[in-house]
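Student: To be precise about what I am sending: the file is called entry.csv and holds CSV, C-alpha atoms.
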```csv
chain,number,residue,atom,x,y,z
A,1,MET,CA,143.8,255.1,42.7
A,2,LYS,CA,145.2,253.5,45.8
A,3,GLU,CA,143.4,255.7,48.2
A,4,LYS,CA,140.2,255.3,50.1
A,5,LYS,CA,137.9,257.5,52.2
A,6,PHE,CA,138.0,256.4,55.8
A,7,SER,CA,134.2,256.1,55.7
A,8,ASP,CA,134.5,253.6,52.8
A,9,ALA,CA,137.2,251.5,54.4
A,10,ILE,CA,135.4,251.4,57.8
A,11,ASN,CA,132.3,249.9,56.1
A,12,HIS,CA,134.3,246.7,55.5
A,13,LEU,CA,135.3,246.3,59.2
A,14,ASP,CA,133.5,243.8,61.5
A,15,THR,CA,131.4,245.8,64.0
A,16,LYS,CA,133.1,244.1,66.9
A,17,TYR,CA,136.5,245.5,65.8
A,18,ILE,CA,135.0,248.9,65.4
A,19,GLU,CA,133.9,248.7,69.0
A,20,GLU,CA,137.4,247.6,69.9
A,21,ALA,CA,138.8,250.6,68.1
A,22,LEU,CA,136.4,253.0,69.8
A,23,HIS,CA,137.2,251.6,73.3
A,24,TYR,CA,140.9,250.9,72.6
A,25,LYS,CA,141.9,253.8,74.8
A,26,LYS,CA,140.1,256.2,77.0
A,27,LYS,CA,139.1,259.5,75.4
A,28,PRO,CA,141.2,262.4,76.7
A,29,ASN,CA,139.9,264.4,79.6
A,30,ARG,CA,138.6,267.5,77.9
A,31,LYS,CA,139.2,269.6,81.0
A,32,LYS,CA,142.8,268.5,81.0
A,33,TRP,CA,143.6,269.9,77.6
A,34,GLY,CA,140.8,272.3,76.8
A,35,ALA,CA,143.0,275.3,77.3
A,36,ILE,CA,145.7,273.9,75.1
A,37,ALA,CA,143.1,273.1,72.4
A,38,ALA,CA,141.7,276.6,72.5
A,39,CYS,CA,145.0,278.3,71.9
A,40,PHE,CA,146.9,275.7,69.7
A,41,PHE,CA,145.0,272.8,68.4
A,42,LEU,CA,143.3,274.7,65.6
A,43,ALA,CA,146.6,275.8,64.4
A,44,VAL,CA,147.6,272.2,64.0
A,45,SER,CA,144.8,271.5,61.5
A,46,CYS,CA,145.8,272.1,57.9
A,47,SER,CA,142.1,272.7,57.1
A,48,PHE,CA,142.0,275.6,59.6
A,49,PHE,CA,145.2,277.0,58.4
A,50,LEU,CA,144.0,277.0,54.8
A,51,LEU,CA,140.7,278.6,55.8
A,52,ASN,CA,142.6,281.5,57.4
A,53,GLN,CA,144.7,281.8,54.3
A,54,GLU,CA,141.7,282.2,52.1
A,55,HIS,CA,140.7,285.3,53.9
A,56,ARG,CA,144.1,286.9,53.5
A,57,GLU,CA,144.3,289.2,50.5
A,58,THR,CA,146.8,288.1,47.9
A,59,PRO,CA,149.3,290.9,47.1
A,60,SER,CA,148.3,292.9,44.1
A,61,LYS,CA,151.8,292.4,42.7
A,62,LEU,CA,153.1,288.9,43.2
A,63,ALA,CA,156.8,288.7,44.0
A,64,PRO,CA,159.1,286.6,41.7
A,65,ILE,CA,159.9,283.2,43.0
A,66,HIS,CA,163.4,281.8,43.4
A,67,ILE,CA,163.5,278.0,42.7
A,68,SER,CA,165.4,276.1,45.4
A,69,GLU,CA,168.0,273.6,44.3
A,70,LEU,CA,166.7,270.1,44.5
A,71,ALA,CA,168.0,268.7,47.8
A,72,ALA,CA,169.6,265.3,48.1
A,73,SER,CA,167.8,262.8,50.3
A,74,GLY,CA,169.7,259.8,51.4
A,75,MET,CA,171.7,257.6,49.1
A,76,GLY,CA,171.1,257.2,45.4
A,77,PHE,CA,168.5,259.1,43.4
A,78,GLU,CA,164.7,259.6,43.6
A,79,GLY,CA,163.3,256.6,41.7
A,80,TYR,CA,161.1,253.6,42.1
A,81,LEU,CA,161.1,250.0,41.0
A,82,TYR,CA,158.0,248.4,39.6
A,83,TYR,CA,157.1,245.6,37.3
A,84,ASN,CA,154.8,247.7,35.2
A,85,ALA,CA,153.6,251.3,34.9
A,86,PHE,CA,150.2,250.5,36.3
A,87,GLN,CA,151.8,250.1,39.8
A,88,LEU,CA,152.9,253.7,39.7
A,89,ASP,CA,150.1,255.0,42.1
A,90,GLN,CA,151.1,256.7,45.3
A,91,GLY,CA,147.7,258.2,46.2
A,92,ASN,CA,148.2,261.8,45.0
A,93,PRO,CA,144.6,263.2,44.5
A,94,TRP,CA,145.5,265.5,41.5
A,95,ASN,CA,144.2,264.6,38.1
A,96,GLU,CA,144.2,266.5,34.9
A,97,SER,CA,140.4,267.1,34.9
A,98,MET,CA,140.7,269.4,38.0
A,99,LYS,CA,140.2,273.0,36.9
A,100,ILE,CA,142.9,274.7,39.0
A,101,GLU,CA,144.2,278.0,37.7
A,102,SER,CA,146.3,279.1,40.6
A,103,MET,CA,148.1,277.6,43.6
A,104,PRO,CA,149.4,279.2,46.8
A,105,VAL,CA,153.1,279.7,47.3
A,106,TYR,CA,154.7,279.9,50.8
A,107,ILE,CA,157.9,281.1,52.4
A,108,ASN,CA,159.2,278.1,54.2
A,109,LYS,CA,160.1,279.2,57.8
A,110,ALA,CA,161.7,275.7,58.3
A,111,TYR,CA,164.2,276.5,55.6
A,112,ASP,CA,167.8,276.0,56.8
A,113,PRO,CA,170.2,278.4,55.0
A,114,SER,CA,173.2,276.6,56.4
A,115,ALA,CA,172.2,273.6,54.3
A,116,ALA,CA,172.9,271.4,57.3
A,117,GLY,CA,169.4,269.8,57.1
A,118,MET,CA,168.4,271.0,60.6
A,119,PRO,CA,164.6,271.4,61.2
A,120,GLN,CA,163.6,274.9,62.4
A,121,GLY,CA,160.7,277.2,62.4
A,122,LEU,CA,158.8,276.9,65.6
A,123,SER,CA,159.9,278.6,68.8
A,124,GLU,CA,160.6,276.6,72.0
A,125,ASP,CA,157.2,277.7,73.5
A,126,GLU,CA,155.4,276.7,70.3
A,127,MET,CA,157.1,273.3,70.3
A,128,ILE,CA,156.2,272.7,73.9
A,129,SER,CA,152.6,273.6,73.2
A,130,LEU,CA,152.5,271.2,70.3
A,131,LEU,CA,154.1,268.5,72.5
A,132,ASP,CA,151.5,269.2,75.2
A,133,TYR,CA,148.7,268.8,72.6
A,134,ALA,CA,150.1,265.4,71.5
A,135,VAL,CA,150.5,264.2,75.2
A,136,ALA,CA,146.9,265.2,76.0
A,137,ALA,CA,145.5,263.8,72.8
A,138,LEU,CA,146.9,260.4,73.7
A,139,ASN,CA,145.6,260.8,77.3
A,140,ALA,CA,149.2,260.2,78.4
A,141,GLU,CA,151.2,261.6,81.4
A,142,ARG,CA,154.4,263.4,80.7
A,143,LEU,CA,157.2,262.0,82.8
A,144,SER,CA,160.3,263.9,81.6
A,145,ILE,CA,161.3,266.3,78.9
A,146,GLU,CA,164.5,266.8,76.9
A,147,ILE,CA,165.3,269.9,74.8
A,148,ILE,CA,167.8,269.2,71.9
A,149,THR,CA,169.5,272.1,70.4
A,150,SER,CA,171.6,272.5,67.3
A,151,GLU,CA,174.6,273.5,69.5
A,152,GLU,CA,175.2,269.8,69.8
A,153,LYS,CA,175.8,269.9,66.0
A,154,ASN,CA,178.1,272.9,66.2
A,155,ILE,CA,175.6,275.1,64.3
A,156,HIS,CA,173.5,277.4,66.5
A,157,SER,CA,172.2,277.1,70.0
A,158,VAL,CA,168.5,277.0,69.2
A,159,PRO,CA,166.0,274.2,70.0
A,160,ILE,CA,165.5,271.9,67.1
A,161,GLU,CA,163.6,269.1,68.8
A,162,ILE,CA,161.8,268.4,72.1
A,163,GLN,CA,161.4,264.9,73.4
A,164,ALA,CA,159.1,263.7,76.2
A,165,GLU,CA,158.9,260.4,77.9
A,166,THR,CA,155.4,259.5,78.9
A,167,ASN,CA,153.6,256.5,80.5
A,168,LEU,CA,152.5,255.6,76.9
A,169,GLY,CA,155.8,255.9,75.1
A,170,LYS,CA,158.0,258.7,73.7
A,171,ILE,CA,156.8,261.7,71.8
A,172,SER,CA,159.2,263.9,69.7
A,173,VAL,CA,158.3,267.3,68.3
A,174,ALA,CA,160.7,269.0,65.8
A,175,SER,CA,160.9,272.7,65.1
A,176,ASP,CA,159.5,272.1,61.6
A,177,GLY,CA,156.1,271.1,63.3
A,178,SER,CA,156.4,267.4,62.8
A,179,ILE,CA,155.4,264.9,65.6
A,180,VAL,CA,156.7,261.4,66.0
A,181,TYR,CA,155.1,259.1,68.5
A,182,PHE,CA,157.0,256.0,69.5
A,183,LEU,CA,154.8,253.3,71.0
A,184,PRO,CA,156.0,251.7,74.3
A,185,ASN,CA,158.0,248.5,74.5
A,186,GLY,CA,159.0,248.7,70.9
A,187,GLY,CA,155.5,248.2,69.5
A,188,LEU,CA,151.9,247.7,70.3
A,189,SER,CA,150.0,244.6,69.0
A,190,LEU,CA,146.8,245.1,66.9
A,191,PRO,CA,143.8,242.8,67.1
A,192,GLU,CA,144.6,239.6,65.2
A,193,GLU,CA,142.1,240.4,62.4
A,194,TYR,CA,144.4,243.2,61.1
A,195,SER,CA,147.4,242.6,58.9
A,196,PHE,CA,150.1,245.3,59.4
A,197,THR,CA,153.3,244.4,57.6
A,198,TYR,CA,155.7,245.8,55.1
A,199,HIS,CA,155.7,242.8,52.8
A,200,ASN,CA,152.7,240.5,53.3
A,201,THR,CA,149.6,242.7,53.5
A,202,THR,CA,147.2,243.2,50.7
A,203,ASP,CA,145.6,246.5,49.7
A,204,ASN,CA,142.3,245.7,51.2
A,205,GLU,CA,143.9,244.5,54.4
A,206,ALA,CA,145.9,247.7,54.5
A,207,TYR,CA,142.8,249.9,54.2
A,208,GLU,CA,141.2,248.1,57.1
A,209,THR,CA,144.3,248.5,59.2
A,210,ILE,CA,144.5,252.2,58.4
A,211,ALA,CA,140.8,252.6,59.2
A,212,TYR,CA,141.2,250.9,62.6
A,213,LEU,CA,144.3,253.1,63.5
A,214,SER,CA,142.4,256.2,62.3
A,215,HIS,CA,139.7,255.5,64.9
A,216,VAL,CA,142.1,254.7,67.7
A,217,TYR,CA,144.3,257.8,67.2
A,218,SER,CA,141.7,260.2,65.9
A,219,ASP,CA,142.4,262.8,68.6
A,220,LEU,CA,146.1,262.8,67.8
A,221,LEU,CA,145.5,263.0,64.1
A,222,GLY,CA,143.0,265.8,64.2
A,223,MET,CA,141.6,265.1,60.7
A,224,LYS,CA,138.0,265.9,59.7
A,225,GLU,CA,137.8,263.5,56.7
A,226,PRO,CA,140.9,261.2,56.7
A,227,MET,CA,141.8,259.7,53.3
A,228,ALA,CA,143.6,256.4,53.5
A,229,VAL,CA,146.5,255.9,51.1
A,230,THR,CA,148.5,252.7,50.8
A,231,TRP,CA,151.3,252.1,48.3
A,232,GLY,CA,154.8,250.8,48.1
A,233,ASP,CA,157.7,249.9,45.8
A,234,TYR,CA,160.1,247.1,45.2
A,235,ASN,CA,163.8,246.6,45.9
A,236,ILE,CA,166.1,245.0,43.4
A,237,ASP,CA,165.4,241.6,44.8
A,238,GLY,CA,161.7,242.0,44.1
A,239,SER,CA,160.6,242.5,47.8
A,240,TYR,CA,157.7,244.9,48.2
A,241,SER,CA,157.6,247.5,50.9
A,242,ARG,CA,154.2,248.9,51.8
A,243,LYS,CA,153.4,252.3,53.3
A,244,TYR,CA,150.3,253.2,55.4
A,245,GLU,CA,149.3,256.9,55.2
A,246,LEU,CA,146.5,259.4,55.7
A,247,TYR,CA,145.8,263.0,54.7
A,248,ASP,CA,142.8,265.2,55.4
A,249,SER,CA,140.5,265.3,52.3
A,250,TYR,CA,138.3,268.0,53.9
A,251,GLY,CA,138.3,270.8,51.4
A,252,ASN,CA,138.5,271.6,47.7
A,253,ASP,CA,140.9,270.2,45.1
A,254,THR,CA,143.6,272.7,45.9
A,255,GLU,CA,143.4,272.0,49.6
A,256,ASP,CA,143.5,268.2,49.0
A,257,ILE,CA,146.7,268.6,47.0
A,258,LEU,CA,148.2,270.8,49.8
A,259,HIS,CA,147.1,268.3,52.5
A,260,TYR,CA,148.5,265.3,50.6
A,261,SER,CA,151.8,267.1,50.0
A,262,LEU,CA,152.4,269.1,53.1
A,263,CYS,CA,150.1,267.7,55.9
A,264,SER,CA,149.9,263.9,56.4
A,265,ALA,CA,150.3,261.1,58.8
A,266,SER,CA,151.9,257.7,58.5
A,267,PHE,CA,151.9,254.5,60.5
A,268,SER,CA,154.9,252.2,60.7
A,269,PRO,CA,155.0,248.5,61.8
A,270,ASN,CA,157.8,246.6,63.4
A,271,ASP,CA,159.0,243.2,62.2
A,272,GLU,CA,156.3,241.5,64.4
A,273,GLY,CA,153.4,243.4,62.7
A,274,GLU,CA,152.9,245.7,65.7
A,275,LEU,CA,152.4,249.5,65.6
A,276,TYR,CA,155.9,250.9,66.1
A,277,LEU,CA,155.5,254.7,65.5
A,278,ILE,CA,153.1,257.3,64.1
A,279,ARG,CA,154.6,260.3,62.2
A,280,ILE,CA,152.6,263.5,61.6
A,281,LYS,CA,153.9,266.3,59.4
A,282,ASN,CA,152.4,269.7,58.9
A,283,ALA,CA,154.7,271.9,56.9
A,284,LEU,CA,152.1,274.7,56.9
A,285,LEU,CA,152.7,275.3,60.6
A,286,THR,CA,156.0,277.0,59.6
A,287,ALA,CA,154.8,278.5,56.3
A,288,GLU,CA,153.9,282.1,55.4
A,289,LYS,CA,151.8,282.6,52.3
A,290,THR,CA,153.1,285.0,49.7
A,291,GLY,CA,150.2,284.7,47.3
A,292,ASP,CA,148.2,282.6,44.8
A,293,TYR,CA,150.2,282.2,41.6
A,294,PRO,CA,148.9,281.2,38.2
A,295,ILE,CA,150.0,277.8,37.1
A,296,ILE,CA,150.7,276.2,33.8
A,297,SER,CA,148.9,273.2,32.3
A,298,LEU,CA,150.3,269.7,32.2
A,299,GLN,CA,150.9,270.1,28.5
A,300,GLU,CA,153.0,273.2,29.1
A,301,ALA,CA,154.9,271.4,31.9
A,302,GLU,CA,155.7,268.6,29.5
A,303,GLN,CA,157.1,271.2,27.0
A,304,ARG,CA,159.3,272.6,29.8
A,305,LEU,CA,160.5,269.0,30.7
A,306,LEU,CA,161.4,268.3,27.1
A,307,ALA,CA,163.2,271.7,26.8
A,308,GLY,CA,165.4,270.8,29.8
A,309,ASN,CA,163.7,273.1,32.3
A,310,TYR,CA,163.5,270.6,35.2
A,311,GLN,CA,165.3,269.4,38.3
A,312,THR,CA,166.1,265.8,39.1
A,313,SER,CA,168.4,263.7,41.2
A,314,VAL,CA,168.4,261.0,38.5
A,315,PRO,CA,172.0,260.8,37.1
A,316,LEU,CA,170.6,260.8,33.6
A,317,ALA,CA,169.0,263.4,31.3
A,318,MET,CA,165.3,262.9,30.6
A,319,PRO,CA,165.4,260.2,27.9
A,320,GLY,CA,162.6,261.4,25.7
A,321,LYS,CA,158.8,262.0,25.5
A,322,GLU,CA,158.0,258.4,24.8
A,323,TYR,CA,159.3,257.5,28.3
A,324,ILE,CA,157.0,259.8,30.2
A,325,ILE,CA,154.6,257.6,32.1
A,326,LYS,CA,152.6,260.0,34.2
A,327,ALA,CA,152.7,263.3,36.2
A,328,LYS,CA,151.2,264.7,39.4
A,329,LEU,CA,150.8,268.2,40.7
A,330,THR,CA,152.5,268.3,44.1
A,331,TYR,CA,154.7,270.3,46.6
A,332,ARG,CA,158.2,269.6,47.8
A,333,THR,CA,158.9,270.1,51.4
A,334,GLY,CA,161.8,269.9,53.9
A,335,SER,CA,164.4,272.2,55.4
A,336,MET,CA,166.2,272.5,52.1
A,337,GLU,CA,163.2,274.1,50.3
A,338,GLU,CA,163.3,277.9,50.7
A,339,MET,CA,159.9,278.3,49.1
A,340,LEU,CA,157.0,275.8,49.1
A,341,LEU,CA,155.5,275.9,45.6
A,342,PRO,CA,153.7,273.6,43.2
A,343,TYR,CA,155.6,271.3,40.8
A,344,TYR,CA,154.6,268.8,38.2
A,345,ARG,CA,156.3,265.6,39.3
A,346,PHE,CA,157.0,263.5,36.3
A,347,TYR,CA,157.5,259.7,36.5
A,348,VAL,CA,159.8,258.7,33.7
A,349,LEU,CA,160.8,255.2,32.6
A,350,LEU,CA,164.6,254.8,32.5
A,351,PRO,CA,165.1,252.4,29.6
A,352,ASP,CA,168.7,251.4,30.5
A,353,MET,CA,168.0,250.7,34.2
A,354,GLY,CA,165.9,247.6,34.0
A,355,TYR,CA,166.6,244.3,35.8
A,356,ASP,CA,166.6,240.7,34.7
A,357,ASN,CA,163.7,239.9,37.1
A,358,GLY,CA,161.4,242.3,35.1
A,359,LEU,CA,161.7,245.3,37.4
A,360,GLN,CA,161.9,248.7,35.7
A,361,THR,CA,163.2,251.9,37.1
A,362,TYR,CA,161.1,255.0,37.1
A,363,GLY,CA,162.9,258.3,37.8
A,364,ILE,CA,161.4,261.5,39.1
A,365,TYR,CA,161.8,264.8,37.3
A,366,TYR,CA,160.4,268.1,38.7
A,367,VAL,CA,159.0,271.0,36.6
A,368,PRO,CA,158.0,274.2,38.4
A,369,ALA,CA,154.2,274.7,37.9
A,370,ILE,CA,153.9,278.4,38.1
A,371,THR,CA,154.0,280.6,35.0
A,372,ASP,CA,157.3,281.9,33.5
A,373,GLU,CA,156.7,285.6,34.5
A,374,TYR,CA,157.0,284.8,38.2
A,375,ILE,CA,160.1,282.5,38.0
A,376,GLU,CA,163.4,284.4,38.4
A,377,ASN,CA,165.7,281.4,37.9
A,378,MET,CA,164.0,278.9,35.6
A,379,PRO,CA,165.9,275.6,36.2
A,380,VAL,CA,168.0,274.2,33.3
A,381,TYR,CA,169.3,270.7,33.5
A,382,ASP,CA,173.1,270.8,33.0
A,383,GLY,CA,174.0,267.2,33.1
A,384,HIS,CA,174.5,266.7,36.8
A,385,PHE,CA,172.6,266.7,40.1
A,386,ASN,CA,173.0,270.2,41.7
```
Would you write out, as structure tokens, the structure that this file holds?

Tutor:
Amino acid sequence: MKEKKFSDAINHLDTKYIEEALHYKKKPNRKKWGAIAACFFLAVSCSFFLLNQEHRETPSKLAPIHISELAASGMGFEGYLYYNAFQLDQGNPWNESMKIESMPVYINKAYDPSAAGMPQGLSEDEMISLLDYAVAALNAERLSIEIITSEEKNIHSVPIEIQAETNLGKISVASDGSIVYFLPNGGLSLPEEYSFTYHNTTDNEAYETIAYLSHVYSDLLGMKEPMAVTWGDYNIDGSYSRKYELYDSYGNDTEDILHYSLCSASFSPNDEGELYLIRIKNALLTAEKTGDYPIISLQEAEQRLLAGNYQTSVPLAMPGKEYIIKAKLTYRTGSMEEMLLPYYRFYVLLPDMGYDNGLQTYGIYYVPAITDEYIENMPVYDGHFN
């Protein structure tokens, strides 16, 4: 599995670079942001959110779940190019040996019923509090602020994003709870020992880079036990594009799956191998738990898949059982998802979509993971996307 505990990765770092990481920036002035932390920072933590959820009573009668249509995301369909199936590892912590009988389902308050793809959920005051948290965690000084409303998109006059210019770069907070930090001057150089590229960095080098960045930006990330994840895929010319990600592995198996799917951070380099931006998502900030729902096994999910009870953006019907490569338990997120619920995400080899250079296409097919009795509109593939 292409994931690694931060503590494992950091053991491979030269001690002088650990020291550089620890002293790379000043620690925030605790007096400066103590009041903010007291009222908001704990809400940013996925672990804290889930801890609170555990103490809420699940309704004695679970409401039926309406399955959202699978939303389009960009051009093409959801699929990946690899030379062999062994490369199909994207760091999802779920495995079939986990004894999970139920998973939480949430109402997604960031859902956009207009289908315009506009983030929503947090109020203006909550967004500003989240922005202030990020500014303080970076020990930065806010210079200016801009509130962007959906009125500019001719939808509704509500804040959808707040941007702040600081002395250390730009910070953007969206109403779905996501934070994007743009480093100043188009990017920030890392110590020369670290490789941080999309195309020419090895797995081990990527883990060391993620470990370094985890130390440097630990206050902003707010994770108790960061889990490093690095993976990528190929384009049709055979060029590999790597991703650098983290999620908080503090918790049980269910919480790890939630953290991986709904609460994570990613680091992006520019063409010079400098840190260009940090993106933090936390879909649970705008989620309301409806209950813990019993889930089906992987074998039952496979039966649903073969029966056509799935959703996909792949322009082909599922080609057959022999082409199923693997599956992972996950959540879908975004403004087009009315409910946040568990799915089995199947990776399927598409036999007629290979390339002369040896690359094979693996398409994604989603099967709802909760039991039949709680699904009011079981999806049926009808030969086209949506």

Student: Mind listing as a ChimeraX atom specification all residues within 8 Å of (167.6, 275.6, 42.7), counting only C-alpha atoms?

Tutor: /A:66-70,311,377,379,386

Student: Nearest residue to Tyr234 of chain A out of A:Gly308, A:Gly358, A:Pro191, A:Gly291, using all atoms listed in the file?

Tutor: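 Going through A:Gly308, A:Gly358, A:Pro191, A:Gly291 one by one, the smallest distance to Tyr234 of chain A is for A:Gly358.
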
Student: Quick one: distance from atom CA of Leu221 of chain A to atom CA of Leu277 of chain A in Å, one decimal?

Tutor: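 Going from atom CA of Leu221 of chain A over to atom CA of Leu277 of chain A, I get 13.1 Å.
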
Student: If I put a ball of radius 9 Å at (154.6, 243.3, 55.7) in the file's coordinates, which residues poke into it when counting all atoms listed in the file, written as a VMD selection string?

Tutor: chain A and resid 195 to 202 240 to 242 269 to 271 273

Student: Provide the atom CA of Leu183 of chain A to atom CA of Ile160 of chain A distance in Å, to one decimal place.

Tutor: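 About the pair atom CA of Leu183 of chain A and atom CA of Ile160 of chain A: they are 21.8 Å apart.
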
Student: Under the rule that only C-alpha atoms are counted, which of A:Tyr111, A:Tyr355, A:Tyr82, A:Tyr106 is the nearest residue to Thr290 of chain A?

Tutor: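 Between A:Tyr111, A:Tyr355, A:Tyr82, A:Tyr106, the residue approaching Thr290 of chain A most closely is A:Tyr106.
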
Student: Identify which of the residues A:Gly177, A:Pro113, A:Pro351, A:Gly121 lies closest to Pro319 of chain A, counting only C-alpha atoms when measuring atom-to-atom distances.

Tutor: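 The shortest atom-to-atom distance to Pro319 of chain A comes from A:Pro351.
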
Student: Please indicate the distance in Å from atom CA of Asn95 of chain A to atom CA of Ala71 of chain A, rounded to one decimal place.

Tutor: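 Atom-to-atom, atom CA of Asn95 of chain A to atom CA of Ala71 of chain A, that is 26.0 Å.
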
Student: Which residue is closest to Ser178 of chain A? Choose from A:Ala265, A:Asn282, A:Tyr250, A:Thr230 and count only C-alpha atoms.

Tutor: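 Answer, going by the shortest atom-to-atom distance: A:Asn282.
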
Student: Which of these residues is nearest to Gly363 of chain A, using only C-alpha atoms: A:Lys99, A:Lys326, A:Lys243, A:Arg304?

Tutor: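 The answer is A:Lys326, which sits nearest to Gly363 of chain A.
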
Student: So which one's closest to Val229 of chain A, A:Met336, A:Ile148, A:Met378, A:Leu246? Using only C-alpha atoms, please.

Tutor: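 Closest to Val229 of chain A, using only C-alpha atoms: A:Leu246.
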
Student: Segment 80-89 of chain A, all listed atoms, 6 Å padding on each side: what axis-aligned box centre and edge lengths in Å to one decimal come out, as lines of an AutoDock Vina configuration file?

Tutor:
```
center_x = 155.6
center_y = 250.3
center_z = 38.5
size_x = 23.0
size_y = 21.4
size_z = 19.2
```

Student: Taking 5 positions as the minimum chain separation for residues in the same chain, which residues sit within 8 Å of Arg345 of chain A when counting all atoms listed in the file? Answer as a list in words.

Tutor: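 With the cut-off at 8 Å, the set is Ala327, Lys328, Leu329, Thr330, Ile364, Tyr365, Tyr366 and Val367 of chain A.
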